[in-house]
Structure formats: C-alpha cells, structure tokens
>>> print(open('my_file.txt').read())   # compact mmCIF, C-alpha atoms
# COMPACT_ATOMS: atom_id res chain seq x y z
CA MET A 470 28.17 13.09 79.80
CA ILE A 471 27.16 16.68 80.51
CA ASN A 472 30.04 18.61 82.01
CA ARG A 473 28.26 21.89 82.62
CA PHE A 474 24.86 23.26 81.88
CA ASN A 475 22.93 26.33 82.87
CA PRO A 476 19.47 25.86 84.42
CA VAL A 477 16.95 24.64 81.87
CA LEU A 478 15.19 27.59 80.31
CA PRO A 479 11.67 27.83 78.82
CA GLY A 480 11.48 26.14 75.45
CA LEU A 481 14.46 23.89 76.20
CA MET A 482 14.29 20.13 76.32
CA LEU A 483 17.35 18.05 77.17
CA VAL A 484 17.39 14.47 76.00
CA ILE A 485 19.96 11.87 77.04
CA SER A 486 20.26 8.59 75.18
CA TRP A 487 22.59 5.59 75.23
CA LEU A 488 24.14 3.97 72.18
CA CYS A 489 24.26 0.23 72.59
CA GLY A 490 27.57 -1.52 72.16
CA ASN A 491 30.02 0.95 73.68
CA ASN A 492 28.14 2.23 76.74
CA ALA A 493 28.75 5.79 75.61
CA VAL A 494 26.36 8.51 76.71
CA TYR A 495 25.46 11.19 74.17
CA ALA A 496 23.59 14.27 75.25
CA GLN A 497 21.25 16.01 72.88
CA LEU A 498 20.09 19.57 73.25
CA THR A 499 16.72 20.17 71.62
CA VAL A 500 15.13 23.60 71.52
CA GLY A 501 11.50 23.76 70.39
CA PRO A 502 9.65 26.43 68.42
CA THR A 503 9.13 28.64 71.47
CA GLY A 504 12.89 29.17 71.48
CA MET A 505 15.59 29.68 74.09
CA PHE A 506 17.07 33.11 74.72
CA ILE A 507 20.79 33.35 75.59
CA LYS A 508 22.05 36.71 76.74
CA GLY A 509 25.35 37.87 75.30
CA ALA A 510 28.44 36.71 77.23
CA THR A 511 26.40 33.95 78.92
CA THR A 512 28.03 30.52 78.77
CA ILE A 513 26.05 27.44 77.84
CA SER A 514 27.69 24.00 77.83
CA VAL A 515 26.21 20.81 76.49
CA ASP A 516 28.12 17.54 76.47
CA SER A 517 31.50 19.30 76.49
CA LEU A 518 30.61 21.82 73.76
CA VAL A 519 30.79 25.32 75.23
CA LEU A 520 29.15 28.32 73.56
CA GLN A 521 29.44 31.92 74.71
CA PRO A 522 27.74 34.25 72.20
CA SER A 523 29.09 37.78 71.98
CA ALA A 524 25.57 39.21 71.60
CA ASP A 525 22.07 38.17 72.57
CA VAL A 526 20.85 35.17 70.58
CA THR A 527 17.70 33.07 70.46
CA LEU A 528 17.83 29.39 69.58
CA ALA A 529 14.70 27.80 68.10
CA ASN A 530 13.85 24.52 66.37
CA LEU A 531 17.41 23.31 66.87
CA SER A 532 19.01 20.08 68.07
CA ILE A 533 22.69 19.56 68.82
CA THR A 534 23.91 15.97 68.82
CA HIS A 535 27.30 14.40 69.40
CA THR A 536 28.93 11.36 67.82
CA ALA A 537 32.24 9.58 68.40
CA THR A 538 32.65 8.86 64.68
CA PRO A 539 35.50 11.04 63.34
CA VAL A 540 35.42 12.95 60.09
CA GLY A 541 37.88 11.46 57.61
CA GLY A 542 40.32 13.77 55.88
CA ILE A 543 43.59 14.05 53.99
CA GLY A 544 46.61 13.38 56.19
CA GLY A 545 44.48 12.25 59.11
CA ASN A 546 41.05 12.48 60.69
CA SER A 547 39.24 14.65 63.19
CA ILE A 548 39.08 13.82 66.88
CA ARG A 549 36.41 11.36 68.00
CA ARG A 550 34.04 14.11 69.09
CA VAL A 551 31.89 15.61 66.36
CA TYR A 552 28.81 17.79 66.89
CA THR A 553 25.98 18.09 64.40
CA PHE A 554 23.36 20.85 64.24
CA SER A 555 19.94 19.85 62.94
CA GLN A 556 19.74 23.00 60.84
CA PRO A 557 22.25 25.71 59.80
CA PHE A 558 23.49 27.47 62.92
CA SER A 559 25.07 30.93 62.87
CA PHE A 560 27.37 31.73 65.76
CA THR A 561 29.51 34.69 66.73
CA GLY A 562 31.41 34.49 69.99
CA THR A 563 33.66 32.07 71.85
CA VAL A 564 33.37 28.34 71.29
CA GLY A 565 35.07 25.75 73.45
CA LEU A 566 35.35 21.99 73.41
CA HIS A 567 36.38 19.62 76.19
CA TYR A 568 37.88 16.36 74.93
CA ALA A 569 39.47 13.26 76.42
CA GLU A 570 42.94 12.16 75.41
CA SER A 571 41.40 8.91 74.23
CA GLU A 572 39.42 10.94 71.67
CA LEU A 573 42.47 12.56 70.02
CA ASN A 574 42.45 9.84 67.34
CA GLY A 575 46.08 10.40 66.35
CA ASN A 576 45.84 14.20 66.25
CA THR A 577 48.68 16.26 67.74
CA GLU A 578 47.18 17.97 70.77
CA PRO A 579 49.24 21.23 70.84
CA VAL A 580 48.27 22.04 67.24
CA LEU A 581 44.56 21.22 67.45
CA ALA A 582 42.25 23.59 65.61
CA PHE A 583 38.51 23.89 65.27
CA ALA A 584 36.97 22.74 62.00
CA TYR A 585 33.39 23.40 60.95
CA LYS A 586 31.26 22.35 58.00
CA ARG A 587 29.82 25.34 56.20
CA ALA A 588 26.11 24.96 55.48
CA SER A 589 26.10 26.88 52.21
CA ASP A 590 28.27 24.42 50.26
CA GLY A 591 29.33 21.65 52.64
CA VAL A 592 32.96 22.79 52.70
CA TRP A 593 34.99 22.03 55.83
CA ILE A 594 36.87 25.08 57.17
CA THR A 595 39.82 24.59 59.55
CA THR A 596 40.34 27.68 61.68
CA THR A 597 43.70 29.29 62.51
CA GLY A 598 43.22 30.98 65.88
CA SER A 599 42.51 28.11 68.27
CA ALA A 600 44.04 28.06 71.75
CA VAL A 601 44.69 24.65 73.30
CA ASP A 602 44.99 23.88 77.01
CA THR A 603 46.80 20.55 76.88
CA ASP A 604 46.66 20.12 80.67
CA GLY A 605 42.91 20.64 80.81
CA ASN A 606 42.18 18.99 77.42
CA TYR A 607 40.27 22.05 76.26
CA ILE A 608 40.30 24.01 73.00
CA THR A 609 38.79 27.48 72.50
CA GLU A 610 38.46 30.03 69.72
CA THR A 611 36.59 33.20 68.94
CA LEU A 612 34.49 32.65 65.84
CA ALA A 613 32.35 34.72 63.54
CA ALA A 614 31.14 31.71 61.62
CA PRO A 615 28.65 31.58 58.75
CA PRO A 616 25.79 29.11 59.17
CA ILE A 617 27.36 25.74 60.01
CA LEU A 618 26.12 22.16 60.19
CA MET A 619 28.93 20.39 62.06
CA ILE A 620 31.89 21.26 64.27
CA THR A 621 34.84 19.27 65.60
CA ALA A 622 38.60 19.64 66.10
CA THR A 623 41.57 18.31 64.14
CA SER A 624 45.30 18.85 63.75
CA SER A 625 45.91 22.07 61.85
CA SER A 626 47.83 20.08 59.20
CA VAL A 627 44.85 17.86 58.40
CA THR A 628 42.56 18.76 55.52
CA LEU A 629 39.07 17.45 56.15
CA PRO A 630 37.38 15.71 53.29
CA ILE A 631 37.13 16.75 49.69
CA VAL A 632 33.60 17.99 49.36
CA LEU A 633 31.61 17.59 46.22
CA ARG A 634 29.87 20.91 45.66
CA PHE A 635 27.66 19.32 43.03
CA TYR A 636 27.44 16.38 40.65
CA ASN A 637 24.93 16.67 37.79
CA ALA A 638 24.06 14.66 34.71
CA ARG A 639 21.73 15.73 31.90
CA GLU A 640 20.94 14.87 28.30
CA GLU A 641 22.31 17.29 25.76
CA ALA A 642 21.94 16.92 21.98
CA GLY A 643 21.74 13.14 22.08
CA LYS A 644 24.65 12.85 24.53
CA VAL A 645 24.79 12.88 28.33
CA ARG A 646 26.77 15.71 29.91
CA LEU A 647 28.31 14.97 33.33
CA GLU A 648 29.52 17.83 35.52
CA TRP A 649 30.94 17.92 39.02
CA GLN A 650 32.79 20.42 41.16
CA THR A 651 34.96 19.92 44.22
CA SER A 652 35.62 22.44 46.96
CA LEU A 653 39.26 21.49 47.55
CA GLU A 654 41.64 18.74 46.48
CA GLN A 655 44.86 17.27 47.75
CA ASP A 656 46.63 14.04 46.78
CA VAL A 657 43.84 13.03 44.41
CA ASP A 658 44.93 11.07 41.35
CA ARG A 659 41.82 10.93 39.14
CA PHE A 660 38.08 10.68 38.88
CA GLU A 661 36.38 7.84 37.03
CA VAL A 662 32.84 7.66 35.68
CA GLU A 663 31.12 4.31 35.32
CA ARG A 664 27.90 3.66 33.40
CA SER A 665 25.08 1.18 33.87
CA GLU A 666 21.72 0.50 32.23
CA ASP A 667 20.23 -1.25 35.27
CA GLY A 668 21.81 0.59 38.22
CA ARG A 669 23.60 -2.58 39.36
CA ASN A 670 26.15 -3.65 36.79
CA PHE A 671 28.57 -0.80 35.99
CA SER A 672 31.32 -0.56 33.40
CA HIS A 673 34.06 2.04 32.87
CA LEU A 674 33.07 5.07 30.81
CA THR A 675 35.89 7.60 31.21
CA SER A 676 38.70 8.86 33.46
CA VAL A 677 39.55 12.48 34.26
CA LYS A 678 42.84 13.56 35.84
CA ALA A 679 42.40 15.49 39.09
CA ALA A 680 43.48 19.14 39.18
CA ASN A 681 44.59 18.97 42.84
CA VAL A 682 43.99 22.64 43.62
CA ALA A 683 43.17 23.97 47.06
CA THR A 684 40.14 25.89 45.85
CA GLY A 685 38.60 22.93 44.03
CA TRP A 686 37.87 22.45 40.36
CA GLN A 687 35.00 21.91 37.96
CA TYR A 688 35.00 18.90 35.63
CA THR A 689 33.01 17.89 32.56
CA ALA A 690 32.73 14.54 30.81
CA TYR A 691 30.40 13.14 28.17
CA ASP A 692 28.72 9.88 27.33
CA ASN A 693 28.60 10.18 23.56
CA HIS A 694 26.53 7.04 23.08
CA PRO A 695 23.99 6.66 25.89
CA ALA A 696 21.51 3.82 25.73
CA THR A 697 17.89 4.63 25.05
CA GLY A 698 16.09 4.72 28.38
CA TYR A 699 17.58 5.08 31.84
CA ASN A 700 21.35 5.48 32.18
CA TYR A 701 23.10 5.39 35.58
CA TYR A 702 26.42 7.18 36.13
CA ARG A 703 28.63 6.47 39.15
CA LEU A 704 31.41 8.94 40.02
CA LEU A 705 34.50 7.53 41.76
CA GLN A 706 37.49 9.35 43.24
CA TYR A 707 40.91 7.65 43.36
CA ASP A 708 43.58 9.07 45.66
CA LEU A 709 47.33 8.80 45.11
CA SER A 710 47.37 6.41 48.06
CA GLY A 711 45.14 4.02 46.13
CA ASP A 712 42.04 4.72 48.20
CA LYS A 713 38.76 4.83 46.31
CA LYS A 714 35.68 6.88 47.26
CA ASP A 715 32.20 6.53 45.81
CA LEU A 716 30.86 10.06 45.18
CA GLY A 717 27.37 9.04 44.13
CA ILE A 718 25.17 7.93 41.26
CA ARG A 719 23.11 10.11 38.92
CA THR A 720 20.35 8.88 36.63
CA VAL A 721 19.44 10.28 33.21
CA TRP A 722 16.66 9.28 30.87
CA SER A 723 18.04 9.36 27.36
CA GLY A 724 15.98 9.41 24.20
CA ALA A 725 19.07 8.67 22.12
CA GLY A 726 17.22 5.99 20.21
CA ASN A 727 14.52 8.52 19.34
CA ASN A 728 16.98 10.02 16.85
CA MET A 729 16.22 7.05 14.60
CA GLU A 730 14.08 8.04 11.64
CA VAL A 731 11.25 5.69 10.70
CA THR A 732 9.18 5.88 7.54
CA ALA A 733 6.48 3.58 6.17
CA TYR A 734 6.45 2.92 2.43
CA PRO A 735 4.81 2.87 0.05
CA ASN A 736 2.33 5.33 1.44
CA PRO A 737 -0.42 5.06 0.26
CA ALA A 738 -0.01 1.26 0.27
CA THR A 739 -1.92 -1.30 -1.77
CA GLN A 740 -0.38 -4.74 -1.32
CA ALA A 741 2.33 -4.41 1.36
CA ILE A 742 3.86 -2.04 3.95
CA SER A 743 7.54 -1.82 4.81
CA LEU A 744 9.51 0.17 7.38
CA ARG A 745 12.72 2.05 6.63
CA LEU A 746 14.98 2.85 9.62
CA ARG A 747 17.81 5.39 9.56
CA PRO A 748 20.07 4.63 11.29
CA SER A 749 19.13 1.07 12.10
CA GLY A 750 19.51 -0.09 15.69
CA GLU A 751 19.82 -3.57 17.14
CA GLU A 752 16.94 -3.66 19.60
CA PRO A 753 13.59 -5.41 19.02
CA LEU A 754 10.68 -3.26 17.84
CA HIS A 755 7.00 -3.88 18.42
CA VAL A 756 4.76 -2.77 15.54
CA MET A 757 0.99 -2.27 15.83
CA LEU A 758 -1.50 -1.17 13.14
CA PHE A 759 -4.66 0.59 14.34
CA THR A 760 -7.78 1.81 12.55
CA ALA A 761 -8.68 5.49 12.79
CA GLN A 762 -11.14 4.44 15.52
CA GLY A 763 -8.35 2.82 17.58
CA ALA A 764 -9.02 -0.86 16.87
CA LEU A 765 -5.92 -3.04 16.64
CA VAL A 766 -5.86 -4.93 13.33
CA TYR A 767 -2.26 -6.19 13.20
CA SER A 768 0.84 -6.50 15.39
CA GLU A 769 4.33 -7.84 14.86
CA ASP A 770 7.69 -8.00 16.63
CA ILE A 771 10.75 -7.17 14.55
CA GLN A 772 14.31 -8.06 15.56
CA LEU A 773 16.56 -5.42 14.05
CA GLN A 774 19.78 -6.53 12.40
CA PRO A 775 23.03 -4.55 12.11
CA GLY A 776 23.31 -2.88 8.72
CA GLN A 777 19.74 -3.65 7.71
CA SER A 778 17.42 -0.66 7.23
CA ASN A 779 14.35 -2.08 5.38
CA TYR A 780 11.84 -4.36 7.09
CA PRO A 781 8.70 -5.55 5.23
CA LEU A 782 5.75 -6.14 7.55
CA GLN A 783 4.43 -9.69 7.35
CA ILE A 784 0.79 -8.74 6.75
CA ARG A 785 -0.85 -11.67 4.97
CA THR A 786 -4.14 -9.94 4.17
CA MET A 787 -4.23 -6.20 3.78
CA PRO A 788 -6.97 -4.45 5.77
CA PRO A 789 -9.80 -2.60 3.97
CA LYS A 790 -9.09 0.75 2.36
CA GLY A 791 -8.87 3.67 4.72
CA GLU A 792 -6.67 5.68 7.11
CA TYR A 793 -4.59 3.78 9.68
CA PHE A 794 -2.03 4.53 12.37
CA LEU A 795 1.18 2.54 12.68
CA ARG A 796 2.76 2.60 16.13
CA ILE A 797 6.38 1.45 16.57
CA THR A 798 7.81 1.03 20.09
CA SER A 799 10.75 -0.62 21.84
CA GLY A 800 11.48 -1.75 25.38
CA LYS A 801 14.01 1.07 25.74
CA GLY A 802 11.62 3.96 25.22
CA PHE A 803 11.47 4.36 21.45
CA ASN A 804 7.95 5.43 20.38
CA ARG A 805 6.74 6.56 16.96
CA VAL A 806 3.27 6.85 15.42
CA LEU A 807 2.95 7.07 11.63
CA LYS A 808 -0.16 7.73 9.59
CA VAL A 809 -0.60 5.40 6.59
CA SER A 810 -3.24 5.09 3.92
CA ILE A 811 -4.32 1.79 2.39
CA GLN A 812 -5.92 1.87 -1.07
>>> encode(input="my_file.txt", output="structure tokens")
Amino acid sequence: MINRFNPVLPGLMLVISWLCGNNAVYAQLTVGPTGMFIKGATTISVDSLVLQPSADVTLANLSITHTATPVGGIGGNSIRRVYTFSQPFSFTGTVGLHYAESELNGNTEPVLAFAYKRASDGVWITTTGSAVDTDGNYITETLAAPPILMITATSSSVTLPIVLRFYNAREEAGKVRLEWQTSLEQDVDRFEVERSEDGRNFSHLTSVKAANVATGWQYTAYDNHPATGYNYYRLLQYDLSGDKKDLGIRTVWSGAGNNMEVTAYPNPATQAISLRLRPSGEEPLHVMLFTAQGALVYSEDIQLQPGQSNYPLQIRTMPPKGEYFLRITSGKGFNRVLKVSIQ
C-alpha cells in the first residue's frame, strides 16, 4: 500500500504487484535512466518509506522494493518490513518508516532503531539516533549514510546477521589454503570446514574456534592433503545456541597428484620399459606410447598399489628402434609426457 507519494515526475515509473498467498501489496519505485530530480527538503514516500534529502539529489536506474521477510540476527530479527535498493544508494537527510504493529515481529517498539546494509562490505549497521512515535507507528532518523543496499528497523539490542566479508580457497604449495573474514560476531561457537570431491558428499575437514569479537575476525585453515582434481569446501557456522548456518562452498582445482615423479627406465630401452613412481599413489593410471609422428602403438591401464613404486609395462613386442613419447594420465588430472628411446 502506498501511504503518500508526490506527483509522478519525468523518468519515474511506479509499479504495483501482488504476491500470491498472503494478499499483500508491495509497491516498487523504479526510476529509469532519464532520472528523477528531488529538490532538497522535499519529501517523497513510497510504500511507507519516507525520504527527505537534505540537498538536491537525482535518482537514476534505481528500484526500491519491499518485502515482509525479516532479516535474521543475534538476539532477534528485524521487523517484517525490509526495503531493498537495486544498486548502492547514498542518502543524506531524514528517513522515516511507517510500520504496522503486526510487523513488529517481537521487537520492542520504544527502542526501535534503523538498520541498513552497507554496500561496500555487506555489514549491517544499527543506528543510535532513531526517534519512535509509538502512537503513530512511525520511526525517523537523520542519516548521512554511505551507499546502502537494504534498510529496515530492529530493536536497538538486536545485532543483525554476522556477515561474511569474504571466503576464499586457493592452492598453495600442494595444499589448499582456506581464508574467511567476518564483520562482527556474537554468541558464535565455532566454524567447521567440510570437504568433498564431488560437491555432494561432504566430510569433516577441520574446526576453528570463533573469536567472538564485535569487529569481526579473519581465519585461516588448510587442507594438507587435497585430492588431485576438483575439491569442494563448505564453510559452516555453529552458534552457542546450536544453530547451524551454511556460509557457502568454494571450489579449488588441485594438482596435488602432479607432485608425483615419474621416470621411464631403462632409457634408452631395448627389451622392456618400466615406470618408477615417487611417491606412489593409489589411483589407476592410463599409459600410452606414441611414435614421434603421433601414432599410438601401445596402451595399458595400471592399477597402482600402496607401497609399490616400480611397474613394468606389459609390452609383448617392442616397437622398432626410434624416438617415442610415453604419456601417463589419470582420471584425477595427473598428466605426464616422457620421451623414450628404443634401440
């Protein structure tokens, strides 16, 4: 429902849509590329969100939408009225929000405060200067906000969600380094990292105790023995309450198996060719022998065995004398090409 709205200005398109299932009406303000000019101290109100910029401002390529889904936090949640900006929105001036008592969602009305999601890092900021009219169900505050993506209201005692500033995974010296940083923490017990080779079946890799500091913390963990090929790492957050949050999955291609040394001997060869592997793995290898012109003359699959490092190739008849290329591959990304001479 639109409570108040100034006459539609050039470049402004107002769209109203209905969400099926709850008969709620959500207004959407969409400003096209031609822009909408708002003179300083002019009030514009869309679906109970009231903006009064302190200086002239032009809106362009911007949509403002409203949802009744609250933002979850520590010690509670936001009210059931959350506004989202389609792109970072900078605002200096007075902001107001009309709400219904049914939207309070357990929040204490006299201590309501605005909260906005900062665009630069996704951190939720709860303000400290909000004024609440409990009779009129209206909250106002003067803001000089950095670019924001969302805005709502919540009890001043509620901390809106822990925000993951980043979560990265990369290969480093045969290991996988996992790094993540939070923006703030409260009542968090630990973080756990799970690993998978197929992206579906995960197993525990490591646990890291949470720092629980208001300014957030940076964490590092390692997978010292990644599988050759794709490795999937899921980061989980466990709160002291027992709640679990999935913070995302990162994928790393690891060439860990490429650290295996392979040599062909004797070289030059006369009657037989063998492979020596250091260290030996346990995955199957596919071996192919090519002429210098690229013609395949022999292939063989070898099942590696723990502790075994020497594998004679089962070539019944040695090819004619000349230069050849021996290619050794595996299904997990191992790939080596060796030059061999046959005399």
>>> residues_near_point(input="my_file.txt", point="(47.4, 22.6, 64.7)", cutoff="6 Å", atoms="all atoms listed in the file", output="VMD selection string")
chain A and resid 580 to 582 624 to 625
>>> write_last_selection(input="my_file.txt", atoms="C-alpha atoms", output="CSV table (one decimal), in the frame of the given file")
chain,number,residue,atom,x,y,z
A,580,VAL,CA,48.3,22.0,67.2
A,581,LEU,CA,44.6,21.2,67.4
A,582,ALA,CA,42.2,23.6,65.6
A,624,SER,CA,45.3,18.8,63.8
A,625,SER,CA,45.9,22.1,61.8
>>> closest_residue(input="my_file.txt", among="A:Leu573, A:Ile620, A:Leu633, A:Val809", to="Leu518 of chain A", atoms="all atoms listed in the file")
A:Ile620
>>> closest_residue(input="my_file.txt", among="A:Arg634, A:His567, A:Arg549, A:Lys586", to="Gly605 of chain A", atoms="all atoms listed in the file")
A:His567
>>> atom_distance(input="my_file.txt", atom1="atom CA of Ile784 of chain A", atom2="atom CA of Ser768 of chain A")
8.9 Å
>>> residues_near_point(input="my_file.txt", point="(11.5, 26.5, 66.3)", cutoff="8 Å", atoms="only C-alpha atoms", output="ChimeraX atom specification")
/A:500-504,528-531
>>> write_last_selection(input="my_file.txt", atoms="C-alpha atoms", output="PDB file, keeping the file's coordinate frame")
ATOM      1  CA  VAL A 500      15.130  23.600  71.520  1.00  0.00           C
ATOM      2  CA  GLY A 501      11.500  23.760  70.390  1.00  0.00           C
ATOM      3  CA  PRO A 502       9.650  26.430  68.420  1.00  0.00           C
ATOM      4  CA  THR A 503       9.130  28.640  71.470  1.00  0.00           C
ATOM      5  CA  GLY A 504      12.890  29.170  71.480  1.00  0.00           C
ATOM      6  CA  LEU A 528      17.830  29.390  69.580  1.00  0.00           C
ATOM      7  CA  ALA A 529      14.700  27.800  68.100  1.00  0.00           C
ATOM      8  CA  ASN A 530      13.850  24.520  66.370  1.00  0.00           C
ATOM      9  CA  LEU A 531      17.410  23.310  66.870  1.00  0.00           C
TER      10      LEU A 531
END
>>> atom_distance(input="my_file.txt", atom1="atom CA of Tyr607 of chain A", atom2="atom CA of Ser652 of chain A")
29.7 Å
>>> closest_residue(input="my_file.txt", among="A:Ile742, A:Ala524, A:Met619, A:Ile513", to="Val551 of chain A", atoms="all atoms listed in the file")
A:Met619
>>> atom_distance(input="my_file.txt", atom1="atom CA of Glu610 of chain A", atom2="atom CA of Phe583 of chain A")
7.6 Å
>>> closest_residue(input="my_file.txt", among="A:Thr597, A:Gln762, A:Gln774, A:Thr739", to="Thr786 of chain A", atoms="all atoms listed in the file")
A:Thr739
>>> closest_residue(input="my_file.txt", among="A:Gly643, A:Tyr636, A:Gln777, A:Asp656", to="Thr720 of chain A", atoms="only C-alpha atoms")
A:Tyr636
>>> closest_residue(input="my_file.txt", among="A:Met787, A:Leu653, A:Ala622, A:Val645", to="Val601 of chain A", atoms="only C-alpha atoms")
A:Ala622
>>> residues_around(input="my_file.txt", residues="Pro522 of chain A", least_positions_apart="6", cutoff="7 Å", atoms="all atoms listed in the file", output="JSON list (two decimals) with C-alpha atoms, keeping the file's coordinate frame")
[["chain", "number", "residue", "atom", "x", "y", "z"],
["A", 509, "GLY", "CA", 25.35, 37.87, 75.30],
["A", 510, "ALA", "CA", 28.44, 36.71, 77.23],
["A", 511, "THR", "CA", 26.40, 33.95, 78.92],
["A", 560, "PHE", "CA", 27.37, 31.73, 65.76],
["A", 561, "THR", "CA", 29.51, 34.69, 66.73],
["A", 562, "GLY", "CA", 31.41, 34.49, 69.99],
["A", 563, "THR", "CA", 33.66, 32.07, 71.85]]
>>> residues_around(input="my_file.txt", residues="Pro615 of chain A", least_positions_apart="3", cutoff="10 Å", atoms="all atoms listed in the file", output="PDB file with C-alpha atoms, keeping the file's coordinate frame")
ATOM      1  CA  PRO A 557      22.250  25.710  59.800  1.00  0.00           C
ATOM      2  CA  PHE A 558      23.490  27.470  62.920  1.00  0.00           C
ATOM      3  CA  SER A 559      25.070  30.930  62.870  1.00  0.00           C
ATOM      4  CA  PHE A 560      27.370  31.730  65.760  1.00  0.00           C
ATOM      5  CA  THR A 561      29.510  34.690  66.730  1.00  0.00           C
ATOM      6  CA  TYR A 585      33.390  23.400  60.950  1.00  0.00           C
ATOM      7  CA  LYS A 586      31.260  22.350  58.000  1.00  0.00           C
ATOM      8  CA  ARG A 587      29.820  25.340  56.200  1.00  0.00           C
ATOM      9  CA  ALA A 588      26.110  24.960  55.480  1.00  0.00           C
ATOM     10  CA  SER A 589      26.100  26.880  52.210  1.00  0.00           C
ATOM     11  CA  LEU A 612      34.490  32.650  65.840  1.00  0.00           C
ATOM     12  CA  LEU A 618      26.120  22.160  60.190  1.00  0.00           C
TER      13      LEU A 618
END
>>> decode(input="my_file.txt", residues="segment 606-643 of chain A", atoms="C-alpha atoms", output="PDB file, in the first residue's frame")
ATOM      1  CA  ASN A 606       3.810   3.656  14.455  1.00  0.00           C
ATOM      2  CA  TYR A 607       6.481   5.766  12.798  1.00  0.00           C
ATOM      3  CA  ILE A 608      10.273   5.847  13.153  1.00  0.00           C
ATOM      4  CA  THR A 609      12.543   8.635  11.879  1.00  0.00           C
ATOM      5  CA  GLU A 610      16.234   9.464  11.882  1.00  0.00           C
ATOM      6  CA  THR A 611      18.642  11.862  10.247  1.00  0.00           C
ATOM      7  CA  LEU A 612      21.230   9.886   8.321  1.00  0.00           C
ATOM      8  CA  ALA A 613      24.420  10.577   6.459  1.00  0.00           C
ATOM      9  CA  ALA A 614      24.690   7.035   5.190  1.00  0.00           C
ATOM     10  CA  PRO A 615      27.315   5.540   2.888  1.00  0.00           C
ATOM     11  CA  PRO A 616      25.970   3.666  -0.137  1.00  0.00           C
ATOM     12  CA  ILE A 617      23.452   1.132   1.175  1.00  0.00           C
ATOM     13  CA  LEU A 618      21.619  -1.857  -0.275  1.00  0.00           C
ATOM     14  CA  MET A 619      18.893  -2.520   2.302  1.00  0.00           C
ATOM     15  CA  ILE A 620      17.168  -0.725   5.157  1.00  0.00           C
ATOM     16  CA  THR A 621      14.786  -1.840   7.902  1.00  0.00           C
ATOM     17  CA  ALA A 622      14.219  -1.352  11.639  1.00  0.00           C
ATOM     18  CA  THR A 623      15.004  -3.534  14.641  1.00  0.00           C
ATOM     19  CA  SER A 624      15.302  -3.332  18.412  1.00  0.00           C
ATOM     20  CA  SER A 625      18.486  -1.497  19.328  1.00  0.00           C
ATOM     21  CA  SER A 626      19.631  -4.584  21.291  1.00  0.00           C
ATOM     22  CA  VAL A 627      19.474  -6.847  18.246  1.00  0.00           C
ATOM     23  CA  THR A 628      22.603  -7.460  16.191  1.00  0.00           C
ATOM     24  CA  LEU A 629      21.706  -8.208  12.597  1.00  0.00           C
ATOM     25  CA  PRO A 630      23.457 -11.111  10.995  1.00  0.00           C
ATOM     26  CA  ILE A 631      27.104 -11.994  11.033  1.00  0.00           C
ATOM     27  CA  VAL A 632      28.299 -11.014   7.612  1.00  0.00           C
ATOM     28  CA  LEU A 633      30.989 -12.888   5.803  1.00  0.00           C
ATOM     29  CA  ARG A 634      33.258 -10.253   4.297  1.00  0.00           C
ATOM     30  CA  PHE A 635      34.932 -12.896   2.170  1.00  0.00           C
ATOM     31  CA  TYR A 636      35.556 -16.622   1.923  1.00  0.00           C
ATOM     32  CA  ASN A 637      38.378 -17.748  -0.372  1.00  0.00           C
ATOM     33  CA  ALA A 638      40.128 -21.004  -1.169  1.00  0.00           C
ATOM     34  CA  ARG A 639      43.275 -21.435  -3.246  1.00  0.00           C
ATOM     35  CA  GLU A 640      46.033 -23.949  -3.859  1.00  0.00           C
ATOM     36  CA  GLU A 641      49.318 -23.148  -2.191  1.00  0.00           C
ATOM     37  CA  ALA A 642      52.433 -25.350  -2.345  1.00  0.00           C
ATOM     38  CA  GLY A 643      50.494 -28.572  -2.773  1.00  0.00           C
TER      39      GLY A 643
END
